[in-house]
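Student: Just one file: final25.cif, with mmCIF, C-alpha atoms and all ligand atoms.
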data_final
loop_
_atom_site.label_atom_id
_atom_site.label_comp_id
_atom_site.auth_asym_id
_atom_site.auth_seq_id
_atom_site.Cartn_x
_atom_site.Cartn_y
_atom_site.Cartn_z
CA MET J 1 114.20 -73.86 -20.04
CA THR J 2 116.40 -76.76 -19.05
CA LEU J 3 118.11 -78.67 -21.85
CA HIS J 4 118.11 -82.47 -21.71
CA ALA J 5 120.30 -84.93 -23.64
CA ALA J 6 118.16 -84.85 -26.81
CA ASP J 7 118.20 -81.03 -26.87
CA LEU J 8 121.97 -80.58 -26.97
CA VAL J 9 122.50 -81.11 -30.72
CA PRO J 10 119.54 -78.90 -31.77
CA ALA J 11 120.79 -76.22 -29.33
CA GLY J 12 124.20 -76.28 -31.04
CA LEU J 13 126.02 -77.36 -27.86
CA VAL J 14 127.07 -80.72 -29.32
CA PRO J 15 128.08 -81.35 -32.94
CA PRO J 16 125.89 -83.96 -34.72
CA ALA J 17 128.88 -86.32 -34.94
CA ARG J 18 128.85 -86.64 -31.14
CA GLU J 19 125.10 -87.22 -30.76
CA GLU J 20 125.50 -90.99 -30.36
CA GLN J 21 128.10 -90.54 -27.57
CA VAL J 22 125.78 -88.23 -25.67
CA ARG J 23 122.96 -90.73 -26.03
CA ARG J 24 125.16 -93.51 -24.61
CA VAL J 25 126.30 -91.39 -21.65
CA ALA J 26 122.69 -90.37 -20.97
CA GLU J 27 121.74 -94.06 -20.62
CA LYS J 28 124.12 -94.27 -17.62
CA PHE J 29 123.96 -90.82 -16.00
CA ALA J 30 121.41 -87.99 -15.81
CA VAL J 31 121.90 -85.02 -18.15
CA ALA J 32 120.53 -81.48 -17.73
CA VAL J 33 121.90 -78.04 -18.56
CA SER J 34 120.01 -75.03 -17.22
CA ALA J 35 119.25 -72.17 -19.61
CA GLU J 36 121.64 -69.85 -17.73
CA MET J 37 124.55 -72.29 -18.00
CA ALA J 38 123.76 -73.12 -21.66
CA ALA J 39 123.89 -69.40 -22.42
CA LEU J 40 127.41 -69.17 -20.96
CA ILE J 41 128.85 -71.89 -23.22
CA ASP J 42 130.92 -70.91 -26.24
CA PRO J 43 130.19 -73.81 -28.64
CA ALA J 44 133.20 -72.82 -30.77
CA ASP J 45 135.58 -73.52 -27.84
CA PRO J 46 136.23 -77.26 -27.48
CA ALA J 47 137.76 -76.59 -24.02
CA ASP J 48 134.92 -74.40 -22.72
CA PRO J 49 134.98 -74.73 -18.90
CA ILE J 50 131.19 -74.46 -18.59
CA ALA J 51 130.51 -77.05 -21.30
CA ALA J 52 133.06 -79.36 -19.66
CA GLN J 53 131.01 -79.34 -16.46
CA PHE J 54 127.58 -80.06 -17.95
CA VAL J 55 127.80 -81.42 -21.52
CA PRO J 56 128.39 -85.21 -21.59
CA SER J 57 131.63 -86.51 -23.08
CA ALA J 58 132.71 -89.96 -24.27
CA ALA J 59 135.34 -90.04 -21.50
CA GLU J 60 132.51 -90.72 -19.02
CA LEU J 61 132.03 -94.17 -20.56
CA GLU J 62 135.50 -95.22 -19.31
CA SER J 63 135.73 -96.36 -15.69
CA ALA J 64 139.07 -96.32 -13.88
CA PRO J 65 139.85 -99.21 -11.46
CA GLU J 66 140.04 -96.88 -8.43
CA GLU J 67 136.56 -95.44 -9.05
CA ARG J 68 133.56 -96.36 -6.90
CA ALA J 69 129.79 -96.10 -7.26
CA ASP J 70 129.67 -94.55 -3.75
CA PRO J 71 133.00 -92.71 -3.59
CA ILE J 72 132.58 -91.06 -0.19
CA GLY J 73 130.84 -93.97 1.53
CA ASP J 74 127.39 -92.38 2.07
CA ALA J 75 125.72 -95.83 2.19
CA ARG J 76 127.87 -96.99 5.10
CA TRP J 77 126.60 -94.14 7.28
CA SER J 78 122.96 -94.12 6.20
CA PRO J 79 120.78 -95.54 8.99
CA LEU J 80 117.57 -94.85 7.03
CA PRO J 81 116.55 -93.35 3.68
CA GLY J 82 117.33 -89.65 3.39
CA ILE J 83 119.78 -89.53 6.33
CA VAL J 84 123.58 -89.82 6.33
CA HIS J 85 125.07 -89.67 9.84
CA ARG J 86 128.85 -89.89 9.69
CA TYR J 87 129.84 -87.36 12.36
CA PRO J 88 128.20 -87.27 15.80
CA ASP J 89 127.08 -83.62 15.78
CA ARG J 90 125.65 -83.31 12.26
CA VAL J 91 123.58 -85.24 9.74
CA LEU J 92 122.83 -84.91 6.07
CA LEU J 93 119.13 -84.77 5.19
CA LYS J 94 118.47 -85.56 1.52
CA PRO J 95 114.84 -84.75 0.68
CA LEU J 96 115.37 -85.26 -3.05
CA LEU J 97 118.01 -86.49 -5.43
CA LEU J 98 117.25 -84.18 -8.36
CA CYS J 99 119.40 -81.27 -9.55
CA PRO J 100 118.92 -78.20 -11.77
CA VAL J 101 121.97 -79.32 -13.79
CA TYR J 102 123.84 -82.61 -13.75
CA CYS J 103 127.56 -82.06 -13.21
CA ARG J 104 129.58 -84.57 -15.22
CA PHE J 105 131.93 -85.06 -12.24
CA CYS J 106 129.16 -85.50 -9.63
CA PHE J 107 130.21 -87.57 -6.60
CA ARG J 108 126.63 -88.85 -6.26
CA ARG J 109 126.09 -89.51 -9.97
CA GLU J 110 125.01 -93.11 -9.31
CA THR J 111 122.10 -91.86 -7.18
CA VAL J 112 121.06 -88.40 -8.43
CA GLY J 113 118.60 -87.90 -11.27
CA LYS J 114 117.19 -91.45 -11.12
CA LYS J 115 113.61 -92.63 -10.64
CA GLY J 116 112.21 -92.54 -7.09
CA ALA J 117 114.46 -89.58 -6.37
CA VAL J 118 112.09 -87.81 -3.96
CA LEU J 119 111.72 -88.83 -0.32
CA GLY J 120 108.02 -89.53 0.32
CA PRO J 121 106.14 -88.02 3.29
CA ALA J 122 106.43 -91.16 5.45
CA ALA J 123 110.18 -91.47 4.86
CA LEU J 124 110.65 -87.75 5.52
CA ALA J 125 108.73 -88.11 8.81
CA ARG J 126 111.02 -91.00 9.83
CA ALA J 127 114.08 -88.88 8.99
CA PHE J 128 112.77 -86.05 11.20
CA ALA J 129 112.06 -88.54 14.01
CA TYR J 130 115.67 -89.80 13.77
CA ILE J 131 116.94 -86.23 14.24
CA ARG J 132 114.47 -85.44 17.02
CA GLU J 133 115.49 -88.52 19.02
CA ARG J 134 119.21 -87.69 19.02
CA PRO J 135 120.16 -84.69 21.15
CA GLN J 136 123.81 -84.90 20.04
CA ILE J 137 122.75 -83.64 16.59
CA TRP J 138 123.58 -79.93 16.52
CA GLU J 139 123.32 -79.24 12.79
CA VAL J 140 121.26 -80.56 9.88
CA ILE J 141 122.75 -80.20 6.40
CA VAL J 142 119.93 -80.26 3.87
CA THR J 143 121.44 -81.50 0.62
CA GLY J 144 120.60 -83.95 -2.13
CA GLY J 145 120.37 -83.55 -5.01
CA ASP J 146 119.48 -79.92 -4.65
CA PRO J 147 117.00 -78.91 -1.93
CA PHE J 148 116.31 -75.55 -3.63
CA LEU J 149 114.40 -77.48 -6.33
CA LEU J 150 111.67 -78.10 -3.74
CA SER J 151 108.68 -75.80 -3.90
CA PRO J 152 108.89 -72.93 -1.40
CA ARG J 153 105.95 -74.52 0.42
CA ARG J 154 107.78 -77.84 0.93
CA LEU J 155 111.04 -76.07 1.76
CA ALA J 156 109.24 -73.95 4.38
CA ALA J 157 107.72 -77.10 5.91
CA ILE J 158 111.22 -78.63 6.29
CA VAL J 159 112.63 -75.43 7.82
CA ARG J 160 109.68 -75.14 10.22
CA THR J 161 110.04 -78.76 11.35
CA LEU J 162 113.78 -78.44 11.94
CA ASP J 163 113.40 -75.04 13.61
CA ALA J 164 111.11 -76.65 16.19
CA ILE J 165 113.68 -79.26 17.29
CA PRO J 166 115.21 -77.75 20.46
CA HIS J 167 118.68 -79.33 20.32
CA LEU J 168 119.41 -78.14 16.76
CA ALA J 169 121.39 -74.91 16.42
CA VAL J 170 122.10 -74.75 12.70
CA ILE J 171 120.20 -75.56 9.50
CA ARG J 172 122.58 -75.61 6.52
CA PHE J 173 121.56 -75.89 2.86
CA HIS J 174 123.90 -77.10 0.12
CA THR J 175 122.73 -75.92 -3.32
CA ARG J 176 123.80 -75.10 -6.87
CA VAL J 177 120.53 -73.26 -7.68
CA PRO J 178 121.66 -69.66 -6.90
CA ILE J 179 124.43 -70.07 -9.51
CA VAL J 180 122.84 -72.24 -12.21
CA ASP J 181 119.16 -71.24 -11.94
CA PRO J 182 119.21 -67.93 -10.03
CA GLY J 183 115.64 -67.02 -10.97
CA ARG J 184 114.38 -69.70 -8.54
CA VAL J 185 115.77 -67.70 -5.63
CA GLY J 186 112.76 -65.43 -5.51
CA THR J 187 110.81 -63.85 -2.67
CA ALA J 188 108.94 -67.08 -1.90
CA LEU J 189 112.08 -69.23 -1.68
CA VAL J 190 113.91 -66.67 0.47
CA ALA J 191 110.88 -66.38 2.78
CA ALA J 192 110.78 -70.19 3.11
CA LEU J 193 114.24 -70.09 4.72
CA ALA J 194 113.21 -67.79 7.57
CA ALA J 195 113.88 -69.40 10.96
CA GLU J 196 114.76 -68.65 14.56
CA LYS J 197 117.83 -70.86 14.31
CA ALA J 198 120.87 -69.99 12.22
CA VAL J 199 120.30 -70.84 8.56
CA TYR J 200 123.42 -71.03 6.35
CA VAL J 201 123.49 -71.52 2.59
CA VAL J 202 126.52 -73.11 0.93
CA LEU J 203 126.54 -72.68 -2.82
CA HIS J 204 128.52 -74.66 -5.36
CA ALA J 205 130.55 -72.69 -7.95
CA ASN J 206 133.57 -73.83 -9.96
CA HIS J 207 134.44 -71.13 -12.48
CA PRO J 208 134.40 -67.30 -12.34
CA ARG J 209 132.16 -67.18 -15.45
CA GLU J 210 129.39 -68.81 -13.37
CA LEU J 211 129.19 -65.64 -11.25
CA THR J 212 126.77 -63.87 -13.60
CA ALA J 213 124.83 -60.72 -12.76
CA ALA J 214 121.76 -62.90 -12.12
CA ALA J 215 123.72 -65.20 -9.77
CA ARG J 216 125.11 -62.20 -7.90
CA ALA J 217 121.60 -60.79 -7.51
CA ALA J 218 120.29 -64.14 -6.21
CA ALA J 219 123.08 -64.24 -3.63
CA GLN J 220 122.27 -60.68 -2.55
CA ARG J 221 118.60 -61.59 -1.98
CA LEU J 222 119.75 -64.32 0.44
CA VAL J 223 122.28 -62.02 2.14
CA ARG J 224 119.66 -59.30 2.64
CA ALA J 225 117.48 -61.88 4.38
CA GLY J 226 120.31 -62.29 6.91
CA ILE J 227 121.58 -65.63 5.59
CA PRO J 228 125.36 -66.11 5.68
CA LEU J 229 126.68 -67.53 2.40
CA LEU J 230 129.58 -69.93 1.92
CA SER J 231 130.78 -71.77 -1.16
CA GLN J 232 132.17 -75.11 -2.24
CA THR J 233 134.30 -75.65 -5.32
CA VAL J 234 135.43 -78.91 -6.87
CA LEU J 235 138.98 -78.84 -8.24
CA LEU J 236 138.56 -79.94 -11.87
CA ARG J 237 141.10 -80.52 -14.61
CA GLY J 238 140.33 -78.31 -17.60
CA VAL J 239 137.88 -76.17 -15.59
CA ASN J 240 139.70 -74.53 -12.69
CA ASP J 241 143.08 -76.27 -12.25
CA ASP J 242 144.81 -72.93 -12.72
CA ALA J 243 145.83 -70.47 -10.01
CA ALA J 244 144.54 -67.43 -11.94
CA VAL J 245 141.13 -69.06 -12.49
CA LEU J 246 140.82 -70.05 -8.82
CA GLU J 247 141.90 -66.58 -7.73
CA ALA J 248 139.26 -64.93 -9.96
CA LEU J 249 136.60 -67.34 -8.68
CA PHE J 250 137.38 -66.81 -4.99
CA ARG J 251 137.73 -63.04 -5.34
CA GLY J 252 134.43 -62.95 -7.23
CA LEU J 253 132.70 -64.96 -4.51
CA VAL J 254 134.07 -62.83 -1.66
CA ALA J 255 133.03 -59.66 -3.53
CA MET J 256 129.47 -61.00 -3.61
CA ARG J 257 129.64 -61.70 0.15
CA VAL J 258 130.20 -65.44 -0.20
CA LYS J 259 133.01 -66.90 1.94
CA PRO J 260 134.84 -69.72 0.09
CA TYR J 261 134.52 -72.70 2.44
CA TYR J 262 135.83 -75.86 0.77
CA LEU J 263 137.91 -76.65 -2.30
CA HIS J 264 137.18 -80.33 -2.81
CA HIS J 265 139.68 -82.69 -4.36
CA ALA J 266 137.60 -84.44 -7.05
CA ASP J 267 136.05 -87.69 -5.78
CA LEU J 268 136.53 -91.12 -7.37
CA ALA J 269 133.11 -91.14 -9.07
CA PRO J 270 132.65 -93.48 -12.06
CA GLY J 271 133.79 -92.12 -15.43
CA THR J 272 135.41 -88.97 -14.02
CA ALA J 273 139.15 -89.70 -14.34
CA HIS J 274 139.48 -86.97 -16.98
CA PHE J 275 138.50 -84.39 -14.35
CA ARG J 276 140.88 -85.42 -11.60
CA THR J 277 144.13 -83.65 -10.81
CA GLY J 278 146.80 -85.10 -8.55
CA ILE J 279 146.92 -84.05 -4.89
CA ALA J 280 150.40 -82.51 -5.49
CA GLU J 281 148.88 -80.28 -8.19
CA GLY J 282 146.08 -79.22 -5.87
CA GLN J 283 148.60 -78.46 -3.14
CA SER J 284 150.72 -76.27 -5.40
CA LEU J 285 147.59 -74.38 -6.55
CA VAL J 286 146.47 -73.56 -3.00
CA LYS J 287 150.03 -72.67 -2.04
CA ALA J 288 150.21 -70.21 -4.96
CA LEU J 289 147.19 -68.32 -3.57
CA ARG J 290 148.38 -68.25 0.04
CA GLY J 291 150.07 -64.88 0.59
CA PRO J 292 149.40 -62.94 -2.63
CA VAL J 293 145.62 -63.30 -2.25
CA SER J 294 143.43 -62.07 0.65
CA GLY J 295 142.87 -64.61 3.40
CA LEU J 296 139.13 -64.24 2.85
CA CYS J 297 139.65 -65.93 -0.53
CA GLN J 298 141.25 -69.12 0.87
CA PRO J 299 138.93 -72.12 1.17
CA THR J 300 140.15 -75.25 2.94
CA TYR J 301 141.43 -77.81 0.41
CA VAL J 302 139.83 -81.11 1.46
CA LEU J 303 139.69 -84.75 0.47
CA ASP J 304 136.72 -86.94 1.36
CA ILE J 305 138.54 -90.19 2.12
CA PRO J 306 137.12 -93.04 0.00
CA GLY J 307 135.13 -95.52 2.05
CA GLY J 308 133.39 -93.02 4.33
CA TYR J 309 136.28 -92.09 6.64
CA GLY J 310 135.50 -88.36 6.50
CA LYS J 311 136.75 -85.09 5.04
CA VAL J 312 140.26 -83.96 5.90
CA PRO J 313 142.33 -80.90 4.98
CA ILE J 314 145.13 -81.78 2.55
CA ALA J 315 146.78 -78.39 1.93
CA PRO J 316 150.56 -78.43 2.43
CA SER J 317 151.58 -77.40 5.93
CA ALA J 318 153.94 -74.46 6.38
CA ALA J 319 155.29 -75.98 9.61
CA ARG J 320 157.62 -78.94 10.03
CA ARG J 321 159.34 -80.25 13.12
CA ALA J 322 163.07 -79.65 13.48
CA GLY J 323 164.84 -81.06 16.50
CA GLU J 324 163.80 -80.84 20.17
CA GLY J 325 160.58 -78.82 20.38
CA GLY J 326 161.64 -76.70 17.41
CA TRP J 327 159.97 -76.04 14.09
CA LEU J 328 160.83 -74.76 10.65
CA ILE J 329 158.21 -72.50 9.11
CA GLU J 330 158.02 -71.69 5.40
CA ASP J 331 156.85 -68.19 4.47
CA PRO J 332 154.74 -67.45 1.35
CA ALA J 333 157.86 -66.46 -0.64
CA GLY J 334 159.58 -69.79 0.14
CA GLY J 335 161.94 -68.54 2.88
CA VAL J 336 162.36 -70.91 5.85
CA HIS J 337 162.44 -69.63 9.46
CA PRO J 338 163.16 -71.42 12.73
CA TYR J 339 160.41 -71.20 15.33
CA PRO J 340 160.91 -70.09 18.03
CA PRO J 341 163.44 -67.75 16.37
CA ASP J 342 167.11 -68.33 17.23
CA ALA J 343 168.41 -66.35 20.19
CA GLY J 344 170.27 -63.38 18.74
CA GLY J 345 168.27 -63.79 15.52
CA GLU J 346 165.75 -61.44 13.93
CA ARG J 347 164.27 -60.31 17.24
CA GLY J 348 167.71 -60.42 18.99
C1 LIG W 401 130.58 -83.29 4.03
C2 LIG W 401 129.75 -83.96 5.01
C3 LIG W 401 129.31 -83.30 6.15
C4 LIG W 401 129.64 -81.85 6.43
O1 LIG W 401 130.97 -81.71 6.79
P1 LIG W 401 131.52 -80.26 7.23
O2 LIG W 401 132.99 -80.50 7.34
O3 LIG W 401 130.86 -79.92 8.52
O4 LIG W 401 131.14 -79.30 6.14
C5 LIG W 401 128.55 -83.98 7.07
N1 LIG W 401 128.24 -85.28 6.88
C6 LIG W 401 128.65 -85.96 5.80
C7 LIG W 401 128.27 -87.39 5.67
C8 LIG W 401 129.40 -85.33 4.82
O5 LIG W 401 129.78 -86.01 3.74
S1 LIG W 402 124.69 -80.09 -8.19
FE1 LIG W 402 125.86 -81.39 -6.76
S2 LIG W 402 124.59 -83.23 -6.46
FE2 LIG W 402 123.81 -82.16 -8.29
S3 LIG W 402 124.85 -83.07 -10.04
FE3 LIG W 402 126.11 -81.30 -9.41
S4 LIG W 402 127.63 -82.15 -7.96
FE4 LIG W 402 125.97 -83.68 -8.18
#
Translate the structure described by the file into structure tokens.
Tutor:
Amino acid sequence: MTLHAADLVPAGLVPPAREEQVRRVAEKFAVAVSAEMAALIDPADPADPIAAQFVPSAAELESAPEERADPIGDARWSPLPGIVHRYPDRVLLKPLLLCPVYCRFCFRRETVGKKGAVLGPAALARAFAYIRERPQIWEVIVTGGDPFLLSPRRLAAIVRTLDAIPHLAVIRFHTRVPIVDPGRVGTALVAALAAEKAVYVVLHANHPRELTAAARAAAQRLVRAGIPLLSQTVLLRGVNDDAAVLEALFRGLVAMRVKPYYLHHADLAPGTAHFRTGIAEGQSLVKALRGPVSGLCQPTYVLDIPGGYGKVPIAPSAARRAGEGGWLIEDPAGGVHPYPPDAGGERG
């Protein structure tokens, strides 16, 4: 059973002294903690990384001047409800703006979990028509909200409709359900994803403790159906801004056949300053993993540029220019090497 704001004190996840704070946060932003995530929280630990992600805190009531209601500029690229078309070859399709949990750092927190959060049949039909009329669209990314909250019947209808559009090659789902509510990934949901075209599922996981036995089993049900799995992680202060935690998370994901895809620098969503690290910190974390940890465990560290300018990699580069056509390359241990190597050098 999902816990809502009023359930958190009775469930022992929030001390009574903080009840009023939670109520005030819940007036601004949606609150939900799935049973699986609630069970992972240690209420005696004030720094619990699972609680930090889902249990409201007073810090959310403070807005920083750089924060924006629409941090990644979705609205600018939305030609009609339910569609965001920022890059020529791919569109986001958002059939609903509801989630199984509400992450306190959510980049869409001003739109998810509000009233009118489901795209009606007429609006959905217009979104499909938009995709059908544009042969340059190669991939549809079904996101939200969380599309795996749809009933298997409605999910299957979306997959069938997209599968029948000849110019599409890829149908990609972005979801937190396999991690936070793994029981939903049952036979019916997996069957709803069956298609002729390539179907990918990208799951959202931020801490190794989220990779429970039930989450691993849900991922395996998708893998056995032939669906490649990728993951996205948000870099969060107090949750995973630690090389050992990130290493455990990425190794855990790879071991369950999930390829870490993106590590997102936290977006400038309202009331989330307490979660943000600096870019320099993020760069030193990803640099610490490069080399000692398998290449399979290295997601691309990205920033979604505020204002809708797109996602770009922001990991430090190992290569810098040095003189005419030459380069200096830094190895994982910090040694610097000319490239091409000097004549008479190592390969002499
Ligand atoms: C993140 C995003 C995508 C997907 O980008 P990839 O780099 O292909 O994962 C597509 N459209 C929009 C608007 C996005 O924000
Ligand atoms: S699952 Fe994604 S969309 Fe939903 S609240 Fe969390 S970050 Fe936001």
Student: Just checking: using all atoms listed in the file, which residue out of J:Ala195, J:Val180, J:Val302, J:Ala122 ends up closest to ligand LIG 401 (chain W)?
Tutor: J:Val302
Student: Which residues of chain J come within 10 Å of ligand LIG 401 (chain W), and for each one, what is the closest pair of atoms and their distance in Å to one decimal, counting all atoms listed in the file, sorted by chain and residue number, as a tab-separated table?
Tutor:
residue	atom	partner	partner_atom	distance
J:Ile72	CA	W:LIG401	O5	7.0
J:Gly73	CA	W:LIG401	C7	8.2
J:Asp74	CA	W:LIG401	C7	6.2
J:Ala75	CA	W:LIG401	C7	9.5
J:Arg76	CA	W:LIG401	C7	9.6
J:Trp77	CA	W:LIG401	C7	7.1
J:Ser78	CA	W:LIG401	C7	8.6
J:Ile83	CA	W:LIG401	C7	8.8
J:Val84	CA	W:LIG401	C7	5.3
J:His85	CA	W:LIG401	C7	5.7
J:Arg86	CA	W:LIG401	C7	4.8
J:Tyr87	CA	W:LIG401	N1	6.1
J:Pro88	CA	W:LIG401	N1	9.1
J:Asp89	CA	W:LIG401	C5	8.8
J:Arg90	CA	W:LIG401	C5	6.0
J:Val91	CA	W:LIG401	N1	5.5
J:Leu92	CA	W:LIG401	N1	5.5
J:Leu93	CA	W:LIG401	N1	9.3
J:Glu139	CA	W:LIG401	O3	8.7
J:Val140	CA	W:LIG401	C5	8.5
J:Ile141	CA	W:LIG401	C5	7.0
J:Val142	CA	W:LIG401	C5	9.9
J:Thr143	CA	W:LIG401	C2	9.7
J:Arg172	CA	W:LIG401	O4	9.3
J:His174	CA	W:LIG401	O4	9.7
J:Val202	CA	W:LIG401	O4	9.3
J:Gln232	CA	W:LIG401	O4	9.4
J:Tyr261	CA	W:LIG401	O4	8.3
J:Tyr262	CA	W:LIG401	O4	7.9
J:His264	CA	W:LIG401	C1	10.0
J:Thr300	CA	W:LIG401	O2	9.9
J:Val302	CA	W:LIG401	O2	9.0
J:Leu303	CA	W:LIG401	C1	9.9
J:Asp304	CA	W:LIG401	O5	7.4
J:Ile305	CA	W:LIG401	O5	9.8
J:Gly308	CA	W:LIG401	C7	7.7
J:Tyr309	CA	W:LIG401	C7	9.3
J:Gly310	CA	W:LIG401	O5	6.8
J:Lys311	CA	W:LIG401	O2	6.4
J:Val312	CA	W:LIG401	O2	8.2
J:Pro313	CA	W:LIG401	O2	9.6
Student: Grab the CA of Asp331 (chain J) to CA of Leu253 (chain J) distance for me, in Å with one decimal place.
Tutor: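 A separation of 26.0 Å between them.
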Student: As a quick test: using all atoms listed in the file, which residues lie no more than 7 Å away from ligand LIG 402 (chain W)? Give them as number ranges by chain.
Tutor: J: 98-99, 101-103, 105-109, 112, 144-146, 175-176
Student: Considering only C-alpha atoms, can you say which of J:Ala47, J:Leu230, J:Ala248, J:Ala273 comes closest to Pro299 (chain J)?
Tutor: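 Counting only C-alpha atoms, the residue closest to Pro299 (chain J) is J:Leu230.
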Student: What is the distance between CA of Ile50 (chain J) and CA of Ala188 (chain J), in Å to one decimal?
Tutor: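 So the two atoms, CA of Ile50 (chain J) and CA of Ala188 (chain J), lie 28.8 Å apart.
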Student: Could you please determine the separation between CA of Glu210 (chain J) and CA of Pro49 (chain J) in Å, to one decimal place?
Tutor: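 CA of Pro49 (chain J) lies 9.8 Å from CA of Glu210 (chain J).
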Student: Tell me, as a list in words, which residues lie within 9 Å of Asp163 (chain J), counting only C-alpha atoms; anything in the same chain fewer than 6 positions away does not count.
Tutor: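 Skipping anything fewer than 6 positions along the chain leaves Ala169, Val170, Ile171, Ala195, Glu196 and Lys197 of chain J.
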Student: May I have the centre and edge lengths, in Å to one decimal, of an axis-aligned box around the listed atoms of region 204-223 of chain J with 8 Å added to every side, as AutoDock Vina command-line options?
Tutor:
--center_x 126.5 --center_y -67.7 --center_z -6.7 --size_x 31.8 --size_y 30.0 --size_z 33.6
Student: Got a sec: who's within 9 Å of Arg160 (chain J), counting all atoms listed in the file, leaving out chain neighbours fewer than 6 positions off, as an mmCIF file with C-alpha atoms, keeping the file's coordinate frame?
Tutor:
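The resulting selection_8.cif:
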data_model
loop_
_atom_site.group_PDB
_atom_site.id
_atom_site.type_symbol
_atom_site.label_atom_id
_atom_site.label_comp_id
_atom_site.auth_asym_id
_atom_site.auth_seq_id
_atom_site.Cartn_x
_atom_site.Cartn_y
_atom_site.Cartn_z
ATOM 1 C CA ALA J 192 110.780 -70.190 3.110
ATOM 2 C CA LEU J 193 114.240 -70.090 4.720
ATOM 3 C CA ALA J 194 113.210 -67.790 7.570
ATOM 4 C CA ALA J 195 113.880 -69.400 10.960
#
Student: Let me make sure I understand: among J:Ser57, J:Ser317, J:Ser294, J:Ser231, which one has the smallest atom-to-atom distance to Glu20 (chain J) if we use all atoms listed in the file?
Tutor: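 Among the listed residues, J:Ser57 lies closest to Glu20 (chain J).
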Student: Name the closest residue to Thr212 (chain J) among the candidates J:Glu36, J:Ile329, J:Pro228, J:Gly291; distances are taken between atoms, counting all atoms listed in the file.
Tutor: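 With all atoms listed in the file as the atom set, the closest residue is J:Glu36.
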Student: Which of these residues is nearest to Thr161 (chain J), using only C-alpha atoms: J:Val185, J:Val239, J:Gly326, J:Ala125?
Tutor: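 Among the listed residues, the smallest separation from Thr161 (chain J) belongs to J:Ala125.
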Student: Which is closest to Arg290 (chain J) among J:Pro341, J:Pro332, J:Gly252, J:Pro306, if we use only C-alpha atoms?
Tutor: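 The answer is J:Pro332, which sits nearest to Arg290 (chain J).
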Student: What lies within 6 Å of Thr2 (chain J) using all atoms listed in the file, ignoring chain neighbours under 3 positions off, as a VMD selection string?
Tutor: chain J and resid 33 to 35
Student: Using all atoms listed in the file, which residues sit within 12 Å of Arg237 (chain J) once same-chain residues fewer than 2 positions away are excluded, as a ChimeraX atom specification?
Tutor: /J:47-49,52-53,105,206-207,234-235,239-242,245-246,265-266,272-279,281-282
Student: Just region 224-238 of chain J, please, as a short mmCIF file (atom, residue, chain, number, x, y, z; two decimals), in the first residue's frame (only C-alpha atoms).
Tutor:
data_model
loop_
_atom_site.label_atom_id
_atom_site.label_comp_id
_atom_site.auth_asym_id
_atom_site.auth_seq_id
_atom_site.Cartn_x
_atom_site.Cartn_y
_atom_site.Cartn_z
CA ARG J 224 13.56 -12.70 -20.27
CA ALA J 225 10.97 -11.08 -22.53
CA GLY J 226 13.87 -9.83 -24.66
CA ILE J 227 13.73 -6.21 -23.49
CA PRO J 228 17.10 -4.47 -23.09
CA LEU J 229 17.33 -2.56 -19.81
CA LEU J 230 19.16 0.70 -19.15
CA SER J 231 19.16 2.96 -16.11
CA GLN J 232 19.18 6.61 -15.16
CA THR J 233 20.48 7.96 -11.87
CA VAL J 234 20.20 11.47 -10.48
CA LEU J 235 23.31 12.66 -8.63
CA LEU J 236 21.96 13.69 -5.21
CA ARG J 237 23.69 15.20 -2.21
CA GLY J 238 23.22 12.98 0.83
#
